[in-house]
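Novice: Got a structure for you, work_24.txt, holding compact mmCIF, C-alpha atoms and all ligand atoms.
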# COMPACT_ATOMS: atom_id res chain seq x y z
CA MET A 17 29.64 5.60 -11.47
CA SER A 18 26.19 4.47 -12.49
CA ILE A 19 22.56 4.04 -11.51
CA LEU A 20 20.95 0.75 -12.52
CA PHE A 21 17.28 0.73 -13.46
CA CYS A 22 15.79 -2.74 -13.00
CA TRP A 23 12.03 -2.48 -13.45
CA GLU A 24 10.77 -4.31 -16.48
CA ASN A 25 7.33 -2.64 -16.43
CA GLY A 26 8.73 0.85 -15.97
CA ASP A 27 9.29 3.47 -18.63
CA ALA A 28 13.10 3.32 -18.72
CA GLU A 29 13.44 6.22 -21.16
CA LEU A 30 11.39 8.53 -18.95
CA TRP A 31 13.53 7.65 -15.92
CA ARG A 32 16.75 7.96 -17.98
CA ASN A 33 15.76 11.48 -19.07
CA GLU A 34 14.86 12.55 -15.54
CA PHE A 35 18.07 11.17 -14.02
CA SER A 36 20.29 12.52 -16.82
CA SER A 37 19.04 16.01 -16.14
CA ARG A 38 19.00 15.80 -12.33
CA LEU A 39 22.12 13.68 -11.71
CA PRO A 40 24.19 14.17 -14.89
CA ASP A 41 27.37 12.70 -13.36
CA TYR A 42 25.82 9.24 -13.21
CA GLU A 43 25.58 6.89 -16.15
CA PHE A 44 22.08 5.39 -16.37
CA ASN A 45 22.06 1.65 -17.13
CA VAL A 46 18.95 -0.40 -17.82
CA HIS A 47 19.05 -3.98 -16.59
CA PRO A 48 20.39 -6.37 -17.88
CA ASP A 49 22.74 -4.02 -19.77
CA VAL A 50 25.28 -3.22 -17.08
CA ARG A 51 28.52 -1.75 -18.39
CA SER A 52 30.48 -2.55 -15.22
CA ILE A 53 29.18 -4.14 -12.04
CA TYR A 54 31.86 -2.12 -10.16
CA ASP A 55 30.35 1.20 -11.28
CA VAL A 56 26.83 0.51 -10.00
CA GLN A 57 26.19 2.58 -6.87
CA TYR A 58 22.40 2.74 -6.83
CA ILE A 59 19.73 0.32 -8.02
CA LEU A 60 16.12 1.31 -8.68
CA THR A 61 13.98 -1.79 -8.69
CA TRP A 62 10.64 -3.44 -8.06
CA MET A 63 11.22 -7.15 -8.62
CA PRO A 64 14.91 -7.83 -9.33
CA PRO A 65 15.95 -11.26 -10.61
CA ILE A 66 16.77 -13.56 -7.69
CA GLY A 67 20.47 -13.37 -6.83
CA ASP A 68 21.10 -10.21 -8.86
CA LEU A 69 21.41 -7.64 -6.07
CA LYS A 70 24.47 -9.27 -4.53
CA ARG A 71 26.50 -8.83 -7.75
CA TYR A 72 27.43 -5.17 -7.27
CA PRO A 73 30.41 -4.68 -4.95
CA ASN A 74 30.14 -0.88 -4.70
CA LEU A 75 26.39 -0.61 -4.18
CA LYS A 76 25.37 2.17 -1.78
CA ALA A 77 21.57 1.76 -1.71
CA ILE A 78 18.70 -0.19 -3.22
CA PHE A 79 15.64 1.91 -4.04
CA SER A 80 12.27 0.18 -4.09
CA ILE A 81 9.94 1.59 -6.72
CA GLY A 82 7.06 1.20 -4.29
CA ALA A 83 6.25 1.56 -0.60
CA GLY A 84 6.52 -2.18 -0.02
CA CYS A 85 9.75 -4.15 -0.32
CA ASP A 86 8.28 -7.67 -0.38
CA HIS A 87 9.18 -8.10 -4.04
CA ILE A 88 12.81 -7.30 -3.36
CA LEU A 89 12.96 -9.40 -0.21
CA ARG A 90 11.74 -12.56 -1.89
CA ASP A 91 15.44 -12.85 -2.84
CA PRO A 92 17.12 -14.56 0.15
CA GLU A 93 20.51 -13.19 -0.92
CA VAL A 94 19.67 -9.49 -0.78
CA PRO A 95 22.72 -7.85 0.85
CA ARG A 96 21.76 -6.94 4.42
CA ASP A 97 24.36 -4.23 4.86
CA ILE A 98 22.98 -2.01 2.06
CA PRO A 99 19.97 0.23 2.90
CA ILE A 100 16.77 -0.60 1.08
CA VAL A 101 14.97 2.71 0.66
CA ARG A 102 11.16 2.55 0.38
CA LEU A 103 9.22 4.92 -1.82
CA ILE A 104 6.62 7.21 -0.34
CA ASP A 105 5.93 9.73 -3.03
CA ASP A 106 3.37 12.47 -2.52
CA ALA A 107 1.34 11.43 -5.54
CA SER A 108 0.81 7.85 -4.37
CA VAL A 109 -0.06 9.01 -0.86
CA ARG A 110 -2.71 11.28 -2.39
CA ASP A 111 -3.97 8.51 -4.68
CA MET A 112 -4.15 5.94 -1.86
CA SER A 113 -6.15 8.42 0.22
CA HIS A 114 -8.57 9.12 -2.62
CA PHE A 115 -8.95 5.42 -3.27
CA ALA A 116 -9.85 4.67 0.35
CA LEU A 117 -12.23 7.61 0.39
CA HIS A 118 -13.93 6.50 -2.82
CA TRP A 119 -14.80 3.10 -1.36
CA ALA A 120 -15.80 4.48 2.03
CA LEU A 121 -18.25 6.88 0.37
CA HIS A 122 -19.38 4.13 -1.98
CA PHE A 123 -20.43 2.01 0.99
CA GLN A 124 -21.63 4.90 3.15
CA ARG A 125 -23.99 6.19 0.41
CA ASN A 126 -25.16 2.69 -0.66
CA PHE A 127 -23.75 2.84 -4.20
CA HIS A 128 -23.14 -0.90 -3.94
CA ILE A 129 -26.89 -1.37 -3.46
CA TYR A 130 -27.82 1.11 -6.22
CA ALA A 131 -25.58 -0.75 -8.70
CA LYS A 132 -27.55 -3.92 -8.00
CA GLN A 133 -30.88 -2.07 -8.16
CA GLN A 134 -29.98 -0.65 -11.57
CA ARG A 135 -29.43 -4.13 -12.97
CA ILE A 136 -33.05 -5.01 -12.08
CA ARG A 137 -34.40 -1.52 -12.95
CA ARG A 138 -35.52 -0.82 -9.40
CA TRP A 139 -36.00 2.85 -8.36
CA GLN A 140 -35.71 2.83 -4.58
CA ARG A 141 -33.92 5.34 -2.38
CA GLN A 142 -31.97 3.70 0.46
CA PRO A 143 -31.59 5.09 3.97
CA TYR A 144 -27.99 5.88 4.93
CA HIS A 145 -25.92 7.00 7.88
CA THR A 146 -24.28 10.40 7.53
CA VAL A 147 -20.49 10.64 7.75
CA ASP A 148 -20.55 11.73 11.37
CA GLU A 149 -22.52 8.58 12.20
CA HIS A 150 -19.72 6.39 10.83
CA CYS A 151 -16.46 5.59 12.56
CA VAL A 152 -13.66 4.70 10.16
CA GLY A 153 -10.88 2.48 11.51
CA VAL A 154 -7.51 2.86 9.81
CA LEU A 155 -5.15 -0.06 10.44
CA GLY A 156 -1.58 1.19 10.01
CA LEU A 157 -0.72 4.81 10.77
CA GLY A 158 2.47 5.12 8.74
CA GLY A 159 3.34 7.17 5.67
CA MET A 160 0.13 6.06 3.98
CA GLY A 161 -2.25 5.45 6.87
CA THR A 162 -1.76 8.77 8.66
CA PRO A 163 -2.83 11.00 5.73
CA ILE A 164 -5.75 8.65 5.07
CA ALA A 165 -6.90 8.93 8.69
CA ARG A 166 -6.52 12.72 8.52
CA LEU A 167 -8.54 12.95 5.32
CA PHE A 168 -11.44 11.03 6.83
CA ALA A 169 -11.31 13.13 10.00
CA ASP A 170 -11.28 16.36 7.98
CA LEU A 171 -14.40 15.21 6.14
CA GLY A 172 -16.32 14.73 9.36
CA PHE A 173 -15.98 11.00 9.95
CA GLU A 174 -15.12 9.84 13.43
CA VAL A 175 -11.74 8.12 12.99
CA ALA A 176 -9.78 5.58 15.01
CA GLY A 177 -6.28 4.55 13.92
CA TRP A 178 -4.19 1.58 14.95
CA SER A 179 -0.46 1.00 14.85
CA ARG A 180 2.21 -1.06 16.60
CA THR A 181 3.50 1.86 18.65
CA ARG A 182 1.21 4.67 19.75
CA ARG A 183 0.93 7.53 17.29
CA LYS A 184 -0.52 11.00 17.70
CA VAL A 185 -2.75 12.24 14.89
CA ASP A 186 -4.99 15.28 15.24
CA LYS A 187 -8.73 14.41 15.51
CA VAL A 188 -7.95 10.66 15.41
CA THR A 189 -8.29 8.26 18.34
CA CYS A 190 -4.94 6.48 18.24
CA LEU A 191 -4.84 2.91 19.48
CA ALA A 192 -1.81 0.65 19.58
CA GLY A 193 -0.88 -3.00 19.85
CA LEU A 194 -2.91 -6.20 19.64
CA GLY A 195 -4.53 -5.52 23.01
CA GLU A 196 -6.30 -2.41 21.68
CA LEU A 197 -7.35 -3.84 18.30
CA PRO A 198 -10.71 -5.15 19.65
CA GLN A 199 -11.52 -1.60 20.80
CA LEU A 200 -11.05 -0.30 17.25
CA LEU A 201 -12.91 -3.16 15.56
CA GLY A 202 -15.82 -2.86 17.96
CA LYS A 203 -16.49 0.81 17.27
CA THR A 204 -15.84 1.13 13.53
CA SER A 205 -18.25 0.51 10.67
CA ILE A 206 -15.66 0.95 7.90
CA VAL A 207 -12.21 -0.60 8.32
CA VAL A 208 -9.37 0.46 6.01
CA SER A 209 -6.26 -1.72 6.20
CA VAL A 210 -3.00 -0.09 5.12
CA LEU A 211 -0.84 -2.53 7.04
CA PRO A 212 2.40 -3.89 5.64
CA LEU A 213 2.82 -7.65 5.52
CA THR A 214 4.97 -8.89 8.41
CA SER A 215 5.05 -12.05 10.51
CA ASP A 216 2.72 -10.23 12.94
CA THR A 217 0.19 -8.96 10.39
CA ASP A 218 0.05 -12.13 8.28
CA GLY A 219 -3.53 -13.45 8.61
CA LEU A 220 -4.36 -10.81 11.23
CA LEU A 221 -7.85 -10.16 9.87
CA ASN A 222 -9.41 -13.56 10.46
CA SER A 223 -12.70 -14.94 11.81
CA GLU A 224 -11.75 -14.02 15.38
CA ARG A 225 -11.26 -10.35 14.38
CA PHE A 226 -14.25 -10.23 12.03
CA ALA A 227 -16.44 -11.45 14.92
CA LEU A 228 -15.44 -8.31 16.84
CA MET A 229 -16.66 -6.01 14.07
CA LYS A 230 -20.12 -4.48 13.98
CA ASP A 231 -22.73 -6.37 11.96
CA GLY A 232 -22.83 -5.06 8.39
CA SER A 233 -19.39 -3.42 8.50
CA PHE A 234 -17.28 -2.69 5.43
CA LEU A 235 -13.67 -3.63 4.77
CA ILE A 236 -11.25 -1.85 2.43
CA ASN A 237 -7.83 -3.48 1.98
CA ILE A 238 -5.12 -1.45 0.27
CA GLY A 239 -2.15 -2.66 2.35
CA ARG A 240 -1.21 -6.25 1.64
CA GLY A 241 -3.47 -9.18 0.73
CA SER A 242 -2.11 -11.75 3.15
CA VAL A 243 -3.16 -9.60 6.11
CA ILE A 244 -6.62 -11.04 5.41
CA ASN A 245 -7.60 -14.67 5.80
CA ASP A 246 -9.54 -15.14 2.54
CA VAL A 247 -11.62 -18.12 3.68
CA ASP A 248 -12.67 -16.31 6.85
CA LEU A 249 -13.55 -13.16 4.90
CA ILE A 250 -15.79 -15.10 2.51
CA ALA A 251 -17.57 -16.61 5.54
CA ALA A 252 -18.00 -13.15 7.11
CA LEU A 253 -19.39 -11.80 3.83
CA ASP A 254 -21.75 -14.74 3.42
CA SER A 255 -23.09 -14.29 6.93
CA GLY A 256 -23.58 -10.52 6.46
CA LYS A 257 -21.16 -9.71 9.28
CA ILE A 258 -19.24 -7.82 6.63
CA ALA A 259 -21.60 -6.21 4.12
CA GLY A 260 -19.01 -5.34 1.50
CA ALA A 261 -15.29 -5.53 0.83
CA ALA A 262 -13.17 -3.47 -1.56
CA LEU A 263 -9.96 -5.39 -2.14
CA ASP A 264 -6.98 -3.99 -4.03
CA VAL A 265 -4.29 -6.39 -2.82
CA PHE A 266 -4.23 -10.17 -2.61
CA ALA A 267 -2.12 -12.99 -1.20
CA THR A 268 -1.45 -14.11 -4.79
CA GLU A 269 -1.28 -11.47 -7.52
CA PRO A 270 -2.64 -11.51 -10.13
CA LEU A 271 -5.67 -12.92 -8.30
CA PRO A 272 -6.12 -16.46 -9.74
CA ALA A 273 -9.13 -16.78 -12.06
CA GLU A 274 -10.65 -19.53 -9.88
CA HIS A 275 -10.52 -17.47 -6.65
CA PRO A 276 -14.00 -17.13 -5.07
CA PHE A 277 -13.52 -13.36 -4.56
CA TRP A 278 -14.01 -12.82 -8.31
CA GLY A 279 -17.58 -14.05 -8.30
CA HIS A 280 -18.68 -12.83 -4.88
CA SER A 281 -21.45 -10.27 -5.11
CA HIS A 282 -20.19 -8.32 -2.09
CA VAL A 283 -16.57 -8.08 -3.20
CA HIS A 284 -15.13 -5.27 -5.33
CA ILE A 285 -11.77 -6.09 -6.91
CA THR A 286 -9.10 -3.77 -8.28
CA PRO A 287 -5.70 -4.99 -9.53
CA HIS A 288 -3.31 -3.45 -6.97
CA ALA A 289 -4.17 -0.06 -8.38
CA ALA A 290 -4.77 2.04 -5.26
CA GLY A 291 -1.47 3.91 -5.21
CA PRO A 292 0.53 3.23 -8.36
CA THR A 293 4.00 4.71 -8.48
CA ASN A 294 3.97 8.15 -10.06
CA ASP A 295 7.22 8.34 -12.06
CA THR A 296 7.67 12.10 -11.87
CA SER A 297 7.11 12.37 -8.16
CA ALA A 298 9.06 9.14 -7.46
CA VAL A 299 12.15 10.46 -9.27
CA VAL A 300 12.13 13.59 -7.11
CA GLN A 301 12.10 11.52 -3.90
CA ILE A 302 14.81 9.11 -5.09
CA VAL A 303 17.11 11.88 -6.35
CA SER A 304 16.72 13.69 -3.04
CA ASN A 305 17.67 10.50 -1.17
CA ILE A 306 20.72 9.93 -3.39
CA GLU A 307 21.81 13.50 -2.67
CA LYS A 308 21.36 12.84 1.06
CA ILE A 309 23.51 9.70 0.89
CA GLU A 310 26.20 11.59 -1.04
CA ARG A 311 26.20 14.24 1.72
CA GLY A 312 26.67 11.49 4.30
CA GLU A 313 23.07 11.71 5.58
CA GLU A 314 20.56 8.88 6.10
CA PRO A 315 18.01 8.28 3.32
CA TYR A 316 14.33 8.04 4.33
CA PRO A 317 12.30 5.87 4.72
CA VAL A 318 14.55 2.83 5.04
CA TRP A 319 13.31 -0.75 5.33
CA ASP A 320 13.83 -1.99 8.88
CA TRP A 321 15.07 -5.59 8.93
CA ALA A 322 14.25 -6.01 12.62
CA LEU A 323 10.64 -4.79 12.30
CA GLY A 324 10.04 -6.38 8.91
CA TYR A 325 8.57 -3.21 7.35
P1 LIG B 1 4.84 2.44 7.04
O1 LIG B 1 5.95 1.52 7.35
O2 LIG B 1 5.11 3.90 6.95
O3 LIG B 1 3.66 2.23 8.11
C1 LIG B 1 3.24 0.98 8.51
C2 LIG B 1 2.22 1.15 9.63
O4 LIG B 1 1.76 -0.15 10.01
C3 LIG B 1 2.84 1.80 10.88
O5 LIG B 1 1.91 2.65 11.49
C4 LIG B 1 3.12 0.59 11.76
O6 LIG B 1 3.14 0.85 13.15
C5 LIG B 1 1.93 -0.29 11.41
N1 LIG B 1 2.20 -1.67 11.77
C6 LIG B 1 3.17 -2.49 11.31
N2 LIG B 1 3.10 -3.67 11.94
C7 LIG B 1 2.08 -3.59 12.82
C8 LIG B 1 1.54 -4.47 13.77
N3 LIG B 1 2.03 -5.70 13.95
N4 LIG B 1 0.49 -4.06 14.51
C9 LIG B 1 -0.01 -2.81 14.36
N5 LIG B 1 0.46 -1.92 13.47
C10 LIG B 1 1.49 -2.30 12.70
O7 LIG B 1 4.20 1.91 5.67
P2 LIG B 1 3.35 2.76 4.61
O8 LIG B 1 2.26 3.47 5.33
O9 LIG B 1 4.25 3.54 3.77
O10 LIG B 1 2.75 1.62 3.69
C11 LIG B 1 1.92 0.61 4.25
C12 LIG B 1 1.70 -0.48 3.24
O11 LIG B 1 0.84 -0.03 2.20
C13 LIG B 1 2.97 -0.91 2.48
O12 LIG B 1 3.71 -1.82 3.23
C14 LIG B 1 2.39 -1.55 1.27
O13 LIG B 1 2.20 -2.91 1.60
C15 LIG B 1 1.02 -0.89 1.09
N6 LIG B 1 0.93 -0.12 -0.14
C16 LIG B 1 -0.02 -0.48 -1.07
C17 LIG B 1 -0.17 0.22 -2.24
C18 LIG B 1 -1.23 -0.12 -3.21
O14 LIG B 1 -1.20 0.32 -4.36
N7 LIG B 1 -2.23 -0.90 -2.82
C19 LIG B 1 0.71 1.37 -2.58
C20 LIG B 1 1.63 1.70 -1.50
C21 LIG B 1 1.73 0.97 -0.35
P3 LIG B 1 4.19 1.91 13.78
O15 LIG B 1 3.64 3.27 13.39
O16 LIG B 1 4.12 1.68 15.23
O17 LIG B 1 5.51 1.62 13.16
Could you express the structure from this file as C-alpha cells?

Specialist:
Amino acid sequence: MSILFCWENGDAELWRNEFSSRLPDYEFNVHPDVRSIYDVQYILTWMPPIGDLKRYPNLKAIFSIGAGCDHILRDPEVPRDIPIVRLIDDASVRDMSHFALHWALHFQRNFHIYAKQQRIRRWQRQPYHTVDEHCVGVLGLGGMGTPIARLFADLGFEVAGWSRTRRKVDKVTCLAGLGELPQLLGKTSIVVSVLPLTSDTDGLLNSERFALMKDGSFLINIGRGSVINDVDLIAALDSGKIAGAALDVFATEPLPAEHPFWGHSHVHITPHAAGPTNDTSAVVQIVSNIEKIERGEEPYPVWDWALGY
C-alpha cells in the first residue's frame, strides 16, 4: 500500500522522511512515479493534473494540502465517493490570525498614511481611534475565522462575526445569513473576509455591500479573491468609501500584471501568503486523519459537496 504525494511545489523529501517515520508500512510515491495505481490508498495534493485522481481504484481519501479545495475541484472527474480532507493545521491558523491582525493594526494606527508621509519627508502625527473604538467584522466563522475573531476580541476590539449558520463565539456578536449581513457591515470599520468561495459567496462583496459599510472603512481579504467584485472595490476605494484594502487572494492568481489593484495607492497586495501550509504541522494532521480512517473513524474536516466548502 502506498501514499502518493502530488504537489509539485512541495518539498517531497521532507514529506517522505516524515511519513516514513510516522507511517512506515506505507510506501511513499512522488507523482508521476507511481509503482502501482492499485496500491495507492491516500493522495496528498494541491493541484493534481486534471483526470488523475480517478485513476486509483483503491483510493481511500484525498488530502488537500491547504484549507481550500478549489484547486482539486477544478477537475470535473474527481471521484465523488472518496472523502476530500481539508487541511487546517495549527500553524496556518496562527499565521492567518497574525496576518489579519497585522493589517488591522496597520490601518488602525495609520501606518498606511505614515508610509506615504515618509516618501515626502513629512513629520505629522495622525489622530487615530483606539482598538475599543473599532468594530472588526469577520466574515466566515469556521476553522480560520473563529480564532481570528477571538484574537481581535481578546485584544480589546469590538468584534462581530458572520457565518451561514449561527455560531457561538465568546465576546463576539455572531450574525448569520444574508439577512444579517447589513447589520455587520453597518457597524464595522474593519472587515476581514475569511470566506470560502462558493456559489453563494462569489461576488458577495460588491457595490451594494460596500455602500452599507461606514465611510472610510478598511477591507482585509484572506479568504478567496472572487468573493470580491474587483471593479466595485476599485470604485469604493476611489470614492473613499473604503480607505484601504489589504488583499492576499485574487480571482486570478498570480494577479495579472495589468490588474489595476497593482497600481492603486490604497491597495496592499500579498501573493496568497497569509496562511501558507506549514509542512511539519500539516504532516501531523494528515497522519492523524489517516490513522482515524484506518480505525474506521471519520477524518476531519471533510469537504462537503452539498455546501460547496
Ligand atoms: P470553514 O469551512 O471552516 O469555514 C467557512 C466559514 O464560512 C463558515 O463559518 C461558514 O459558515 C462560512 N460561510 C460559508 N458560506 C457562507 C455563506 N454563504 N454565508 C455566510 N457564511 C458562509 O473554512 P476555513 O475557515 O477553514 O477556511 C476559510 C477559507 O480561507 C478557505 O476556504 C480558504 O479559501 C481560505 N484560506 C486562505 C488562506 C490564505 O493563505 N490566504 C489559507 C487558508 C485558508 P458555517 O459556519 O455556517 O458553516

Novice: Quick one, how far is CA of Trp178 (chain A) from atom O1 of ligand LIG 1 (chain B)?

Specialist: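 CA of Trp178 (chain A) sits 12.7 Å away from atom O1 of ligand LIG 1 (chain B).
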
Novice: Could you make a table, as JSON lines, of the residues of chain A that have an atom within 8 Å of an atom of ligand LIG 1 (chain B), each with its nearest atom pair and distance in Å to one decimal, counting all atoms listed in the file, in chain and number order?

Specialist:
{"residue": "A:Gly82", "atom": "CA", "partner": "B:LIG1", "partner_atom": "C20", "distance": 6.1}
{"residue": "A:Ala83", "atom": "CA", "partner": "B:LIG1", "partner_atom": "C21", "distance": 4.6}
{"residue": "A:Gly84", "atom": "CA", "partner": "B:LIG1", "partner_atom": "O12", "distance": 4.3}
{"residue": "A:Cys85", "atom": "CA", "partner": "B:LIG1", "partner_atom": "O12", "distance": 7.4}
{"residue": "A:Asp86", "atom": "CA", "partner": "B:LIG1", "partner_atom": "O13", "distance": 8.0}
{"residue": "A:Arg102", "atom": "CA", "partner": "B:LIG1", "partner_atom": "O9", "distance": 7.8}
{"residue": "A:Leu103", "atom": "CA", "partner": "B:LIG1", "partner_atom": "O9", "distance": 7.6}
{"residue": "A:Ile104", "atom": "CA", "partner": "B:LIG1", "partner_atom": "O9", "distance": 6.0}
{"residue": "A:Ser108", "atom": "CA", "partner": "B:LIG1", "partner_atom": "C19", "distance": 6.7}
{"residue": "A:Val109", "atom": "CA", "partner": "B:LIG1", "partner_atom": "C20", "distance": 7.5}
{"residue": "A:Met112", "atom": "CA", "partner": "B:LIG1", "partner_atom": "C19", "distance": 6.7}
{"residue": "A:Leu155", "atom": "CA", "partner": "B:LIG1", "partner_atom": "N5", "distance": 6.6}
{"residue": "A:Gly156", "atom": "CA", "partner": "B:LIG1", "partner_atom": "O4", "distance": 3.6}
{"residue": "A:Leu157", "atom": "CA", "partner": "B:LIG1", "partner_atom": "O5", "distance": 3.5}
{"residue": "A:Gly158", "atom": "CA", "partner": "B:LIG1", "partner_atom": "O3", "distance": 3.2}
{"residue": "A:Gly159", "atom": "CA", "partner": "B:LIG1", "partner_atom": "O8", "distance": 3.9}
{"residue": "A:Met160", "atom": "CA", "partner": "B:LIG1", "partner_atom": "O8", "distance": 3.6}
{"residue": "A:Gly161", "atom": "CA", "partner": "B:LIG1", "partner_atom": "O8", "distance": 5.2}
{"residue": "A:Thr162", "atom": "CA", "partner": "B:LIG1", "partner_atom": "O8", "distance": 7.4}
{"residue": "A:Trp178", "atom": "CA", "partner": "B:LIG1", "partner_atom": "N5", "distance": 6.0}
{"residue": "A:Ser179", "atom": "CA", "partner": "B:LIG1", "partner_atom": "N5", "distance": 3.4}
{"residue": "A:Arg180", "atom": "CA", "partner": "B:LIG1", "partner_atom": "C9", "distance": 3.6}
{"residue": "A:Thr181", "atom": "CA", "partner": "B:LIG1", "partner_atom": "O16", "distance": 3.5}
{"residue": "A:Arg182", "atom": "CA", "partner": "B:LIG1", "partner_atom": "O16", "distance": 6.2}
{"residue": "A:Arg183", "atom": "CA", "partner": "B:LIG1", "partner_atom": "O15", "distance": 6.4}
{"residue": "A:Ala192", "atom": "CA", "partner": "B:LIG1", "partner_atom": "C9", "distance": 6.5}
{"residue": "A:Gly193", "atom": "CA", "partner": "B:LIG1", "partner_atom": "C9", "distance": 5.6}
{"residue": "A:Leu194", "atom": "CA", "partner": "B:LIG1", "partner_atom": "N4", "distance": 6.5}
{"residue": "A:Val210", "atom": "CA", "partner": "B:LIG1", "partner_atom": "O11", "distance": 4.8}
{"residue": "A:Leu211", "atom": "CA", "partner": "B:LIG1", "partner_atom": "O4", "distance": 4.6}
{"residue": "A:Pro212", "atom": "CA", "partner": "B:LIG1", "partner_atom": "O12", "distance": 3.4}
{"residue": "A:Leu213", "atom": "CA", "partner": "B:LIG1", "partner_atom": "O13", "distance": 6.2}
{"residue": "A:Thr214", "atom": "CA", "partner": "B:LIG1", "partner_atom": "N2", "distance": 6.6}
{"residue": "A:Ser215", "atom": "CA", "partner": "B:LIG1", "partner_atom": "N3", "distance": 7.8}
{"residue": "A:Asp216", "atom": "CA", "partner": "B:LIG1", "partner_atom": "N3", "distance": 4.7}
{"residue": "A:Thr217", "atom": "CA", "partner": "B:LIG1", "partner_atom": "N3", "distance": 5.2}
{"residue": "A:Asn237", "atom": "CA", "partner": "B:LIG1", "partner_atom": "N7", "distance": 7.8}
{"residue": "A:Ile238", "atom": "CA", "partner": "B:LIG1", "partner_atom": "N7", "distance": 4.3}
{"residue": "A:Gly239", "atom": "CA", "partner": "B:LIG1", "partner_atom": "C15", "distance": 3.8}
{"residue": "A:Arg240", "atom": "CA", "partner": "B:LIG1", "partner_atom": "O13", "distance": 4.8}
{"residue": "A:Asp264", "atom": "CA", "partner": "B:LIG1", "partner_atom": "N7", "distance": 5.8}
{"residue": "A:Val265", "atom": "CA", "partner": "B:LIG1", "partner_atom": "N7", "distance": 5.9}
{"residue": "A:His288", "atom": "CA", "partner": "B:LIG1", "partner_atom": "N7", "distance": 5.0}
{"residue": "A:Ala289", "atom": "CA", "partner": "B:LIG1", "partner_atom": "O14", "distance": 5.0}
{"residue": "A:Ala290", "atom": "CA", "partner": "B:LIG1", "partner_atom": "O14", "distance": 4.1}
{"residue": "A:Gly291", "atom": "CA", "partner": "B:LIG1", "partner_atom": "O14", "distance": 3.7}
{"residue": "A:Pro292", "atom": "CA", "partner": "B:LIG1", "partner_atom": "O14", "distance": 5.2}
{"residue": "A:Thr293", "atom": "CA", "partner": "B:LIG1", "partner_atom": "C19", "distance": 7.5}
{"residue": "A:Pro317", "atom": "CA", "partner": "B:LIG1", "partner_atom": "O2", "distance": 7.8}
{"residue": "A:Trp319", "atom": "CA", "partner": "B:LIG1", "partner_atom": "O1", "distance": 8.0}
{"residue": "A:Leu323", "atom": "CA", "partner": "B:LIG1", "partner_atom": "N2", "distance": 7.6}
{"residue": "A:Tyr325", "atom": "CA", "partner": "B:LIG1", "partner_atom": "O1", "distance": 5.4}

Novice: Distance CA of Lys187 (chain A)-CA of Arg110 (chain A), one decimal place?

Specialist: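 For CA of Lys187 (chain A) relative to CA of Arg110 (chain A), the distance reads 19.1 Å.
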
Novice: When you look at Gly256 (chain A) with a cut-off of 10 Å (counting all atoms listed in the file), what residues show up, excluding the ones that are within fewer than 5 positions of it in the same chain? I need them as a ChimeraX atom specification.

Specialist: /A:231-233,250-251,282

Novice: Might you pull out every residue within 9 Å of Ala252 (chain A), with all atoms listed in the file counted and same-chain residues fewer than 5 positions away left off, and present them as a ChimeraX atom specification?

Specialist: /A:223,226-227,247,257-259

Novice: With distances taken over all atoms listed in the file, which residue among A:Leu30, A:Pro95, A:Leu263, A:Trp23 lies nearest Met63 (chain A)?

Specialist: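 Going through A:Leu30, A:Pro95, A:Leu263, A:Trp23 one by one, the smallest distance to Met63 (chain A) is for A:Trp23.
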
Novice: Have a look at A:Leu39, A:Ile53, A:Met17, A:Ile100 and name the one nearest to Val299 (chain A); count only C-alpha atoms.

Specialist: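 Smallest distance to Val299 (chain A) is found for A:Leu39.
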
Novice: As an exercise, work out the distance from CA of Ala28 (chain A) to CA of Phe79 (chain A) in Å and give it to one decimal place.

Specialist: 15.0 Å

Novice: In terms of the shortest atom-to-atom distance over all atoms listed in the file, which of A:Phe168, A:Gly153, A:Pro315, A:Asp246 is closest to Val303 (chain A)?

Specialist: A:Pro315

Novice: I'd like the contact shell of Asn25 (chain A) - 12 Å cut-off, only C-alpha atoms, skipping same-chain residues fewer than 4 positions apart - returned as a list of chain:residue names.

Specialist: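 Using only C-alpha atoms, the neighbours found are A:Phe21, A:Glu29, A:Val46, A:His47, A:Thr61, A:Trp62, A:Met63, A:Pro64, A:Ile81, A:Thr293, A:Asp295.
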
Novice: Pick the closest to Ser205 (chain A) from A:Arg311, A:His150, A:Lys70, A:Arg138: which is it, counting all atoms listed in the file?

Specialist: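 Of all the options, A:His150 lies closest to Ser205 (chain A).
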